[in-house]
Amino acid sequence: MSHLRSRRRLALAVPVVLSLTASLGFLPAAASAAPAAETTAQRAAQGTLTYVVNTRADRGTIAAVKKAVAAADGTVVTTYDKIGVLVVHSANPDFGTQIRKVRAVQSAGATRTAPLAAAGTTDVGGADYLTAAEATRTEAASGAVPGSEPLEADQWDLRAIGADRAARINPGSKKVTVAVIDTGVDDTHPDLAPNFSAAQSANCVGGVADTTEGAWRPYTADDYHGTHVAGEIAAARNGIGVAGVAPGVRVSSIKVSEPDTSLFYPEAVVCAFVFAADHGVEITNNSYYIDPWLYNCMDDPDQKAVVDAVNRAQLYAQKKGTLHLASAGNSNHDLGGDAIVDTTSPNDTTPVERTVDPSECLDLPTQLPGVVTVSATGVDDVKSYYSSYGHKVVDVAAPGGDRLYQIPDTPSKNGRILSTMPNNQYGFLQGTSMAAPHASGVAALLKSTHPWASPAQLQVLLKAQANNPGCPESYDQNGDGTQDAVCEGGTRVNGFYGFGIVDALRAVK
């Protein structure tokens, strides 16, 4: 995998930049700061691109749009009739322009800036796996605490939010499922197999759900991100390895990452939200941002269409009872500020530096209405050095790890998060990718305790049980005399922690 700058891939030895936000407000009608770059058509040349075409959700209109797609030299890959979204392939460089002129089309645009290519994998090196010697030391320390899992002594994050004590009261209900929308989950891992729901799992790459056996698994062991996330949420308390925040709930896998680049394209995420909704998933965890644009500006027709399509899908899921949680990102960006310099977009061709207003150019899916945004903390309950933040943007915080400034007194002395890896292994990662699943686990405990709660009510409960440490007097992490980030707000809600750090023990009480 080469897609290291995203929140989905934050390994021990490789600090990575990622980014996400969240808001409960309405989507802006217009936005600014689209890149001054060549057009999608120029980038694509004569290659085939994928498009989302958005229209009214009625049969007659959709049928008319399908005819228009064919007339513009496009091929419909799939249609989500309930939300009025069509996924289309076309090699016509003018397809976007032509289809947007069709009266029934509300928005349409390319979901990528590079033509479709043959799939392949690239090696990005191994993760920092737990060694046999480290495991022996950790197991000895864990054995001194009755009821602990063998590697739990290294899980400072569970103790930080009271998840170890919560499990003795209510480990979560098997009637609650958290879907990990990610790089796939190795459901054969002995810590995940007891809680895995194959019936709620699929591979949505390309925009069409594939539910054949194992389609939801990682392509290779290097695609470990989703497996790590799943373990943080629901690794079983079964006397093996680690424990999850909600070890009694079910976890499923909806794979959305491309096999050759690990990019998360919009059509796959649309498929994932609709699949989750239609298969009774209560919570989705989203530790990524949707490629190829870190921020999607509404005055660009392609980016606007992406926002429209993804928002329709996630709102559809909310209406069917699904709560979405997403990571805030690892760029140390102030998502509540006035301007952010984006140097990474588009990430599937040549990035063009642009300055965006994060209140108008949206990070997906995190800034969509009703999505819970999660920032990261370390063992000292301080914002992790990499975590993006933002007053009235971040909803809650959760342990994501901090390898530089917050080192725990554990056997490994590792400030990152220990969890499951493919092929029955365990490893440490850090990032808001790791914070979101901790919050998802607490949300699952809340749903288990309050099964009647709607997504909106569940979000209120999640914020209510959080503990807010308030803004620190100083945030000069490296001691150079300069503030590394500025926290705005008070002890009730602020830019670093939102309404506070999630608390699993309070959730089950």
# chains A, B, ... in the order shown; residues from 1 in each chain; ligands from 1
$ residues_around --residues "Leu294 in chain A" --least-positions-apart "4" --cutoff "7 Å" --atoms "only C-alpha atoms" --output "short mmCIF file (atom, residue, chain, number, x, y, z; two decimals) with C-alpha atoms, in the first residue's frame"
data_model
loop_
_atom_site.label_atom_id
_atom_site.label_comp_id
_atom_site.auth_asym_id
_atom_site.auth_seq_id
_atom_site.Cartn_x
_atom_site.Cartn_y
_atom_site.Cartn_z
CA TYR A 289 -11.38 10.25 4.35
CA SER A 345 -5.25 16.72 -3.34
CA ASP A 363 -13.86 16.51 4.52
#
$ select_by_dssp --residues "range 320-426 of chain A" --states "strand (DSSP E)" --output "NGL selection string"
:A and (323-327 or 340-342 or 354-356 or 361-362 or 372-377 or 396-399 or 417-421 or 425-426)
$ residues_around --residues "range 377-389 of chain A" --least-positions-apart "6" --cutoff "9 Å" --atoms "only C-alpha atoms" --output "PyMOL selection string"
chain A and resi 15-21+156-157+160+328-336+397-408+415-416+431-432+435+469+472+475+477+484-485+487+495-498+501
$ residues_around --residues "Glu139 in chain A" --least-positions-apart "3" --cutoff "12 Å" --atoms "only C-alpha atoms" --output "compact mmCIF listing (two decimals) with C-alpha atoms, in the first residue's frame"
# COMPACT_ATOMS: atom_id res chain seq x y z
CA LEU A 130 4.46 -7.36 18.90
CA ALA A 132 7.57 -12.89 21.20
CA ALA A 133 9.77 -11.36 23.89
CA GLU A 134 7.42 -8.39 24.29
CA ALA A 135 4.42 -10.70 24.44
CA THR A 136 6.06 -12.77 27.19
CA SER A 142 -1.34 -9.20 32.68
CA GLY A 143 -1.36 -12.38 34.74
CA ALA A 144 -1.03 -10.32 37.90
CA VAL A 145 -4.47 -8.79 37.27
CA SER A 148 -7.19 -9.76 32.24
CA GLU A 149 -6.55 -10.89 28.71
CA PRO A 150 -2.96 -12.08 28.09
CA LEU A 151 -1.81 -8.85 26.42
CA GLU A 152 -4.07 -6.44 28.31
CA ALA A 153 -1.27 -4.99 30.43
CA ASP A 154 -0.16 -3.13 27.29
CA GLN A 155 -3.68 -1.80 26.66
CA GLY A 239 -8.35 -15.70 27.13
CA ILE A 240 -6.52 -14.88 23.89
CA GLY A 241 -4.50 -11.77 23.09
CA VAL A 242 -6.25 -8.44 23.62
CA THR A 410 3.25 -0.46 30.60
CA PRO A 411 5.47 -3.46 29.85
CA SER A 412 6.15 -2.20 26.33
$ residues_around --residues "Val502 in chain A" --least-positions-apart "3" --cutoff "8 Å" --atoms "only C-alpha atoms" --output "ChimeraX atom specification"
/A:161,396-398,439,442,462-463,465-467
$ residues_around --residues "range 98-110 of chain A" --least-positions-apart "2" --cutoff "8 Å" --atoms "only C-alpha atoms" --output "list in words"
Thr40, Leu49, Thr50, Tyr51, Val52, Val53, Asn54, Thr55, Arg56, Thr61, Ala64, Val65, Ala68, Val69, Ala72, Asp94, Phe95, Gly96, Arg112, Thr113, Pro301, Asp302, Gln303, Lys304, Ala305, Val306 and Asp308 of chain A
$ write_last_selection --atoms "N, CA, C and O atoms" --output "mmCIF file, in the first residue's frame"
data_model
loop_
_atom_site.group_PDB
_atom_site.id
_atom_site.type_symbol
_atom_site.label_atom_id
_atom_site.label_comp_id
_atom_site.auth_asym_id
_atom_site.auth_seq_id
_atom_site.Cartn_x
_atom_site.Cartn_y
_atom_site.Cartn_z
ATOM 1 N N THR A 40 -10.657 17.474 -14.953
ATOM 2 C CA THR A 40 -10.691 16.020 -14.858
ATOM 3 C C THR A 40 -10.525 15.389 -16.226
ATOM 4 O O THR A 40 -9.814 14.399 -16.394
ATOM 5 N N LEU A 49 -13.205 6.763 -16.586
ATOM 6 C CA LEU A 49 -13.381 7.289 -15.243
ATOM 7 C C LEU A 49 -14.683 6.757 -14.645
ATOM 8 O O LEU A 49 -15.587 6.335 -15.368
ATOM 9 N N THR A 50 -14.760 6.812 -13.320
ATOM 10 C CA THR A 50 -15.993 6.487 -12.606
ATOM 11 C C THR A 50 -16.690 7.785 -12.220
ATOM 12 O O THR A 50 -16.039 8.740 -11.790
ATOM 13 N N TYR A 51 -18.013 7.831 -12.353
ATOM 14 C CA TYR A 51 -18.815 9.011 -12.026
ATOM 15 C C TYR A 51 -19.931 8.620 -11.072
ATOM 16 O O TYR A 51 -20.384 7.466 -11.058
ATOM 17 N N VAL A 52 -20.380 9.592 -10.288
ATOM 18 C CA VAL A 52 -21.651 9.465 -9.590
ATOM 19 C C VAL A 52 -22.612 10.458 -10.231
ATOM 20 O O VAL A 52 -22.260 11.613 -10.485
ATOM 21 N N VAL A 53 -23.813 9.975 -10.507
ATOM 22 C CA VAL A 53 -24.857 10.803 -11.112
ATOM 23 C C VAL A 53 -26.035 10.790 -10.151
ATOM 24 O O VAL A 53 -26.561 9.720 -9.804
ATOM 25 N N ASN A 54 -26.460 11.964 -9.698
ATOM 26 C CA ASN A 54 -27.481 12.079 -8.665
ATOM 27 C C ASN A 54 -28.766 12.678 -9.229
ATOM 28 O O ASN A 54 -28.728 13.693 -9.934
ATOM 29 N N THR A 55 -29.891 12.032 -8.914
ATOM 30 C CA THR A 55 -31.175 12.466 -9.449
ATOM 31 C C THR A 55 -32.272 12.187 -8.428
ATOM 32 O O THR A 55 -31.989 11.756 -7.308
ATOM 33 N N ARG A 56 -33.515 12.441 -8.810
ATOM 34 C CA ARG A 56 -34.627 12.134 -7.907
ATOM 35 C C ARG A 56 -34.791 10.613 -7.782
ATOM 36 O O ARG A 56 -34.553 9.876 -8.732
ATOM 37 N N THR A 61 -37.790 8.874 -13.327
ATOM 38 C CA THR A 61 -36.651 9.772 -13.481
ATOM 39 C C THR A 61 -35.364 8.983 -13.650
ATOM 40 O O THR A 61 -34.531 9.302 -14.509
ATOM 41 N N ALA A 64 -35.072 7.601 -17.100
ATOM 42 C CA ALA A 64 -34.714 8.632 -18.076
ATOM 43 C C ALA A 64 -33.231 8.971 -17.995
ATOM 44 O O ALA A 64 -32.561 9.173 -19.019
ATOM 45 N N VAL A 65 -32.702 9.028 -16.770
ATOM 46 C CA VAL A 65 -31.287 9.343 -16.600
ATOM 47 C C VAL A 65 -30.413 8.217 -17.151
ATOM 48 O O VAL A 65 -29.362 8.466 -17.759
ATOM 49 N N ALA A 68 -30.036 8.762 -20.725
ATOM 50 C CA ALA A 68 -29.133 9.880 -20.976
ATOM 51 C C ALA A 68 -27.680 9.468 -20.773
ATOM 52 O O ALA A 68 -26.786 9.923 -21.503
ATOM 53 N N VAL A 69 -27.438 8.609 -19.784
ATOM 54 C CA VAL A 69 -26.083 8.103 -19.547
ATOM 55 C C VAL A 69 -25.593 7.345 -20.773
ATOM 56 O O VAL A 69 -24.461 7.538 -21.246
ATOM 57 N N ALA A 72 -24.662 9.525 -23.630
ATOM 58 C CA ALA A 72 -23.412 10.256 -23.428
ATOM 59 C C ALA A 72 -22.221 9.309 -23.360
ATOM 60 O O ALA A 72 -21.150 9.678 -22.861
ATOM 61 N N ASP A 94 -15.959 14.226 -22.173
ATOM 62 C CA ASP A 94 -16.981 15.253 -21.966
ATOM 63 C C ASP A 94 -18.215 14.707 -21.252
ATOM 64 O O ASP A 94 -19.247 15.383 -21.197
ATOM 65 N N PHE A 95 -18.118 13.489 -20.711
ATOM 66 C CA PHE A 95 -19.292 12.873 -20.111
ATOM 67 C C PHE A 95 -19.884 13.740 -19.002
ATOM 68 O O PHE A 95 -21.096 13.960 -18.941
ATOM 69 N N GLY A 96 -19.042 14.230 -18.111
ATOM 70 C CA GLY A 96 -19.538 15.030 -16.995
ATOM 71 C C GLY A 96 -20.299 16.250 -17.457
ATOM 72 O O GLY A 96 -21.399 16.554 -16.970
ATOM 73 N N ARG A 112 -12.849 10.296 -9.389
ATOM 74 C CA ARG A 112 -11.390 10.171 -9.382
ATOM 75 C C ARG A 112 -10.819 11.046 -10.482
ATOM 76 O O ARG A 112 -11.545 11.499 -11.367
ATOM 77 N N THR A 113 -9.512 11.280 -10.440
ATOM 78 C CA THR A 113 -8.887 12.116 -11.464
ATOM 79 C C THR A 113 -7.933 11.320 -12.332
ATOM 80 O O THR A 113 -7.266 11.868 -13.188
ATOM 81 N N PRO A 301 -17.857 21.047 -9.799
ATOM 82 C CA PRO A 301 -18.987 20.134 -10.086
ATOM 83 C C PRO A 301 -18.695 18.680 -9.725
ATOM 84 O O PRO A 301 -19.601 17.964 -9.285
ATOM 85 N N ASP A 302 -17.458 18.228 -9.926
ATOM 86 C CA ASP A 302 -17.132 16.849 -9.562
ATOM 87 C C ASP A 302 -17.195 16.658 -8.051
ATOM 88 O O ASP A 302 -17.799 15.711 -7.546
ATOM 89 N N GLN A 303 -16.557 17.572 -7.321
ATOM 90 C CA GLN A 303 -16.519 17.449 -5.860
ATOM 91 C C GLN A 303 -17.919 17.629 -5.263
ATOM 92 O O GLN A 303 -18.273 16.951 -4.294
ATOM 93 N N LYS A 304 -18.708 18.517 -5.820
ATOM 94 C CA LYS A 304 -20.075 18.725 -5.343
ATOM 95 C C LYS A 304 -20.900 17.446 -5.503
ATOM 96 O O LYS A 304 -21.670 17.063 -4.613
ATOM 97 N N ALA A 305 -20.734 16.773 -6.634
ATOM 98 C CA ALA A 305 -21.483 15.543 -6.884
ATOM 99 C C ALA A 305 -21.086 14.452 -5.893
ATOM 100 O O ALA A 305 -21.924 13.666 -5.438
ATOM 101 N N VAL A 306 -19.798 14.392 -5.550
ATOM 102 C CA VAL A 306 -19.323 13.420 -4.569
ATOM 103 C C VAL A 306 -19.970 13.687 -3.209
ATOM 104 O O VAL A 306 -20.457 12.767 -2.543
ATOM 105 N N ASP A 308 -22.753 15.197 -2.597
ATOM 106 C CA ASP A 308 -24.181 14.887 -2.714
ATOM 107 C C ASP A 308 -24.423 13.389 -2.600
ATOM 108 O O ASP A 308 -25.279 12.922 -1.823
#
$ select_by_dssp --residues "range 149-194 of chain A" --states "alpha helix (DSSP H)" --output "PyMOL selection string"
chain A and resi 156-160+163-169
$ write_last_selection --atoms "C-alpha atoms" --output "CSV table (one decimal), in the first residue's frame"
chain,number,residue,atom,x,y,z
A,156,TRP,CA,-3.4,1.5,28.6
A,157,ASP,CA,-6.2,2.8,26.4
A,158,LEU,CA,-8.8,0.4,27.9
A,159,ARG,CA,-8.0,1.6,31.4
A,160,ALA,CA,-8.0,5.2,30.3
A,163,ALA,CA,-13.4,-0.2,29.4
A,164,ASP,CA,-11.8,-2.9,31.5
A,165,ARG,CA,-14.2,-2.3,34.4
A,166,ALA,CA,-17.2,-1.7,32.0
A,167,ALA,CA,-16.7,-5.2,30.6
A,168,ARG,CA,-17.5,-6.7,34.0
A,169,ILE,CA,-20.8,-4.9,34.1
$ residues_around --residues "Gly244 in chain A" --least-positions-apart "6" --cutoff "10 Å" --atoms "only C-alpha atoms" --output "JSON, numbers by chain"
{"A": [152, 155, 158, 163, 164, 167, 171, 191, 192, 229, 230, 231, 232, 233, 234, 235, 236, 237, 419, 420, 437, 438, 441]}
$ atom_distance --atom1 "CA of Thr227 in chain A" --atom2 "CA of Gly370 in chain A"
25.6 Å
